[in-house]
Amino acid sequence: MPSGTVGRLLLRGLLAGLIAGLVAFVFAYTVGEGPVSDSIAQEQAHSAPAGHHDHGGGAAAGTGDAAAHEHEAADAGGEEEELVSRDLQSTAGLATGVLVYGVAVGGIAALAFCFALGRVGRFGPRATAALVAGAAFVTVYFVPFLKYPANPPAVGNPDTIGKRTALFFLMIALSVLIGVAAVILGKRLAPRLGTWNATVAAGLGYAVVMAVLAFVLPPNDDAIPDGFPAALLWDFRLASIGLQVVLWTGFALLFGTLADRALAPAAPAAERAPVAAPAV
């Protein structure tokens with residue numbers, strides 16, 4: 001694929017990621033912020049007897065561990081002001097995080113699309129965009145989520161955030177590498193097994209290897225606190241998954257349309273080539 005075409009597709013991927021991120025922000029604010037606020041209220045209720053409240057703040061559900069922040073606490077010595085207000089975190093902070101994330105993954109997915117187009121089967125731009133987005137959702141988010149699911153702000157020891165972050169990104173890296181290996185395996189098996197059987201075999205191989213890695217990697221040491229509502233935890237994790245589904249679905253639809261329009265003029269140009277008049 002010419003570098004000029006790659007550049008145009010990359011710009012369209014960034015734009016699609018930005019718009020998909022905006023839609024995902026609306027989802028995160030309307031659906032995800034409720035469980036986050038309820039989780040913070042749970043922590044405040046349990047820490048009230050100690051005379052102060054320190055916790056991890058809410059952010060976009062499913063985009064990683066939230067940044068730590070402080071809330072107001074009254075004690076005998078006076079009143080401590082919060083560094084960043086909860087309202088600012090749930091609006092401007094949330095929007096910034098989701099939009100930056102959307103633009104970043106949009107650019108990376110656009111480059112992956114450029115590599116995959118014409119190499120993973122006889123799919124057009126829209127279908128290839130959908131395949132790339134689906135594969136990214138599974139390998140980058142869903143499979144790592146099964147091993148290290150997202151937890152609300154009130155869950156987790158701040159002292160272990162470095163370890164938990166490293167393990168999560170290690171799981172992502174392994175999932176992507178094994179996913180790429182599965183695609184290569186499927187292409188090599190296709191001439192002998194057929195496209196469908198090769199795809200199934202490669203998918204099963206990916207699932208088996210990732211299951212073994214999930215068993216070998218250390219678990220999350222932060223247990224859910226006793227008394228934390230199971231329904232609230234479930235709602236938070238559903239919102240986390242929903243955010244990613246909205247983001248990747250929006251990207252697939254938007255980028256597929258943009259890529260199809262960017263690549264479509266090549267075919268009509270050949271069809272419009274002048275044809276020599278027959279000799280009389």
# chains A, B, ... in the order shown; residues from 1 in each chain; ligands from 1
>>> residues_around(residues="A:Val246", least_positions_apart="5", cutoff="8 Å", atoms="only C-alpha atoms", output="list of chain:residue names")
A:Ala20, A:Val23, A:Ala24, A:Phe27
>>> write_last_selection(atoms="N, CA, C and O atoms", output="CSV table (one decimal), in the first residue's frame")
chain,number,residue,atom,x,y,z
A,20,ALA,N,-15.4,8.2,18.0
A,20,ALA,CA,-15.8,7.1,18.8
A,20,ALA,C,-15.6,7.3,20.3
A,20,ALA,O,-16.4,6.9,21.1
A,23,VAL,N,-18.4,9.5,21.7
A,23,VAL,CA,-19.6,8.6,22.0
A,23,VAL,C,-19.3,7.8,23.2
A,23,VAL,O,-20.2,7.7,24.1
A,24,ALA,N,-18.1,7.3,23.4
A,24,ALA,CA,-17.8,6.4,24.5
A,24,ALA,C,-17.8,7.3,25.8
A,24,ALA,O,-18.2,6.8,26.9
A,27,PHE,N,-21.3,7.6,27.0
A,27,PHE,CA,-21.7,6.3,27.6
A,27,PHE,C,-21.1,6.3,29.0
A,27,PHE,O,-21.8,5.9,30.0
>>> residues_around(residues="A:Pro218", least_positions_apart="6", cutoff="12 Å", atoms="only C-alpha atoms", output="number ranges by chain")
A: 147-148, 163-164, 166-168, 170-171, 212
>>> write_last_selection(atoms="C-alpha atoms", output="short mmCIF file (atom, residue, chain, number, x, y, z; two decimals), in the first residue's frame")
data_model
loop_
_atom_site.label_atom_id
_atom_site.label_comp_id
_atom_site.auth_asym_id
_atom_site.auth_seq_id
_atom_site.Cartn_x
_atom_site.Cartn_y
_atom_site.Cartn_z
CA LYS A 147 -7.75 -12.36 34.14
CA TYR A 148 -7.58 -8.90 35.69
CA LYS A 163 2.36 -4.26 40.29
CA ARG A 164 -1.26 -4.50 39.14
CA ALA A 166 2.45 -4.07 35.13
CA LEU A 167 0.58 -7.38 35.22
CA PHE A 168 -2.34 -5.95 33.25
CA LEU A 170 1.88 -7.79 30.43
CA MET A 171 -1.37 -9.66 29.84
CA VAL A 212 -2.52 -21.48 30.19
#
>>> residues_around(residues="A:Ala201", least_positions_apart="6", cutoff="9 Å", atoms="only C-alpha atoms", output="mmCIF file with C-alpha atoms, in the first residue's frame")
data_model
loop_
_atom_site.group_PDB
_atom_site.id
_atom_site.type_symbol
_atom_site.label_atom_id
_atom_site.label_comp_id
_atom_site.auth_asym_id
_atom_site.auth_seq_id
_atom_site.Cartn_x
_atom_site.Cartn_y
_atom_site.Cartn_z
ATOM 1 C CA ALA A 182 -2.744 -17.239 15.664
ATOM 2 C CA LEU A 185 -0.941 -19.933 11.876
ATOM 3 C CA GLY A 186 -4.406 -19.670 10.363
ATOM 4 C CA LEU A 189 -3.118 -23.850 7.651
#
>>> closest_atom_pairs(of="stretch 217-264 of chain A", to="stretch 92-105 of chain A", cutoff="10 Å", atoms="only C-alpha atoms", output="JSON lines")
{"residue": "A:Leu243", "atom": "CA", "partner": "A:Val98", "partner_atom": "CA", "distance": 9.5}
{"residue": "A:Gln244", "atom": "CA", "partner": "A:Gly102", "partner_atom": "CA", "distance": 9.9}
{"residue": "A:Leu247", "atom": "CA", "partner": "A:Gly102", "partner_atom": "CA", "distance": 7.3}
{"residue": "A:Trp248", "atom": "CA", "partner": "A:Gly102", "partner_atom": "CA", "distance": 8.9}
{"residue": "A:Phe251", "atom": "CA", "partner": "A:Gly102", "partner_atom": "CA", "distance": 8.6}
>>> residues_around(residues="stretch 2-12 of chain A", least_positions_apart="4", cutoff="9 Å", atoms="only C-alpha atoms", output="list in words")
Ala16, Gly17, Gly106, Gly107, Ile108, Ala109, Ala110, Leu111, Phe113, Cys114, Leu254, Phe255, Leu258, Ala259, Ala262 and Leu263 of chain A
>>> residues_around(residues="A:Leu213", least_positions_apart="4", cutoff="9 Å", atoms="only C-alpha atoms", output="list in words")
Met171, Leu174, Val208, Val209 and Leu217 of chain A
>>> atom_distance(atom1="atom CA of A:Ala230", atom2="atom CA of A:Ala150")
13.7 Å
>>> select_by_dssp(residues="stretch 106-250 of chain A", states="alpha helix (DSSP H)", output="count of residues only")
104
>>> residues_around(residues="A:Ala116", least_positions_apart="5", cutoff="9 Å", atoms="only C-alpha atoms", output="mmCIF file with all heavy atoms, in the first residue's frame")
data_model
loop_
_atom_site.group_PDB
_atom_site.id
_atom_site.type_symbol
_atom_site.label_atom_id
_atom_site.label_comp_id
_atom_site.auth_asym_id
_atom_site.auth_seq_id
_atom_site.Cartn_x
_atom_site.Cartn_y
_atom_site.Cartn_z
ATOM 1 N N LEU A 111 -3.383 1.657 11.397
ATOM 2 C CA LEU A 111 -2.161 1.043 10.860
ATOM 3 C C LEU A 111 -2.327 -0.468 10.744
ATOM 4 O O LEU A 111 -1.863 -1.079 9.770
ATOM 5 C CB LEU A 111 -0.983 1.396 11.766
ATOM 6 C CG LEU A 111 -0.594 2.880 11.818
ATOM 7 C CD1 LEU A 111 0.545 3.099 12.794
ATOM 8 C CD2 LEU A 111 -0.215 3.391 10.429
ATOM 9 N N GLY A 121 -7.874 -12.309 3.952
ATOM 10 C CA GLY A 121 -9.012 -12.819 3.199
ATOM 11 C C GLY A 121 -9.499 -11.778 2.214
ATOM 12 O O GLY A 121 -9.006 -10.650 2.165
ATOM 13 N N THR A 128 -12.975 -5.486 6.725
ATOM 14 C CA THR A 128 -11.647 -5.528 7.343
ATOM 15 C C THR A 128 -11.586 -4.642 8.576
ATOM 16 O O THR A 128 -10.993 -5.014 9.600
ATOM 17 C CB THR A 128 -10.572 -5.090 6.331
ATOM 18 O OG1 THR A 128 -10.630 -5.933 5.177
ATOM 19 C CG2 THR A 128 -9.186 -5.190 6.938
ATOM 20 N N VAL A 132 -10.656 -5.982 12.289
ATOM 21 C CA VAL A 132 -9.567 -5.393 13.073
ATOM 22 C C VAL A 132 -10.092 -4.891 14.415
ATOM 23 O O VAL A 132 -9.485 -5.122 15.475
ATOM 24 C CB VAL A 132 -8.892 -4.255 12.285
ATOM 25 C CG1 VAL A 132 -7.942 -3.461 13.187
ATOM 26 C CG2 VAL A 132 -8.129 -4.810 11.101
#
>>> atom_distance(atom1="atom CA of A:Ser37", atom2="atom CA of A:Asp226")
18.7 Å
>>> closest_residue(among="A:Thr165, A:Pro152, A:Tyr141, A:Gly124", to="A:Gly242", atoms="only C-alpha atoms")
A:Tyr141
>>> select_by_dssp(residues="stretch 73-195 of chain A", states="strand (DSSP E or B)", output="ChimeraX atom specification")
/A:73-75,78-80
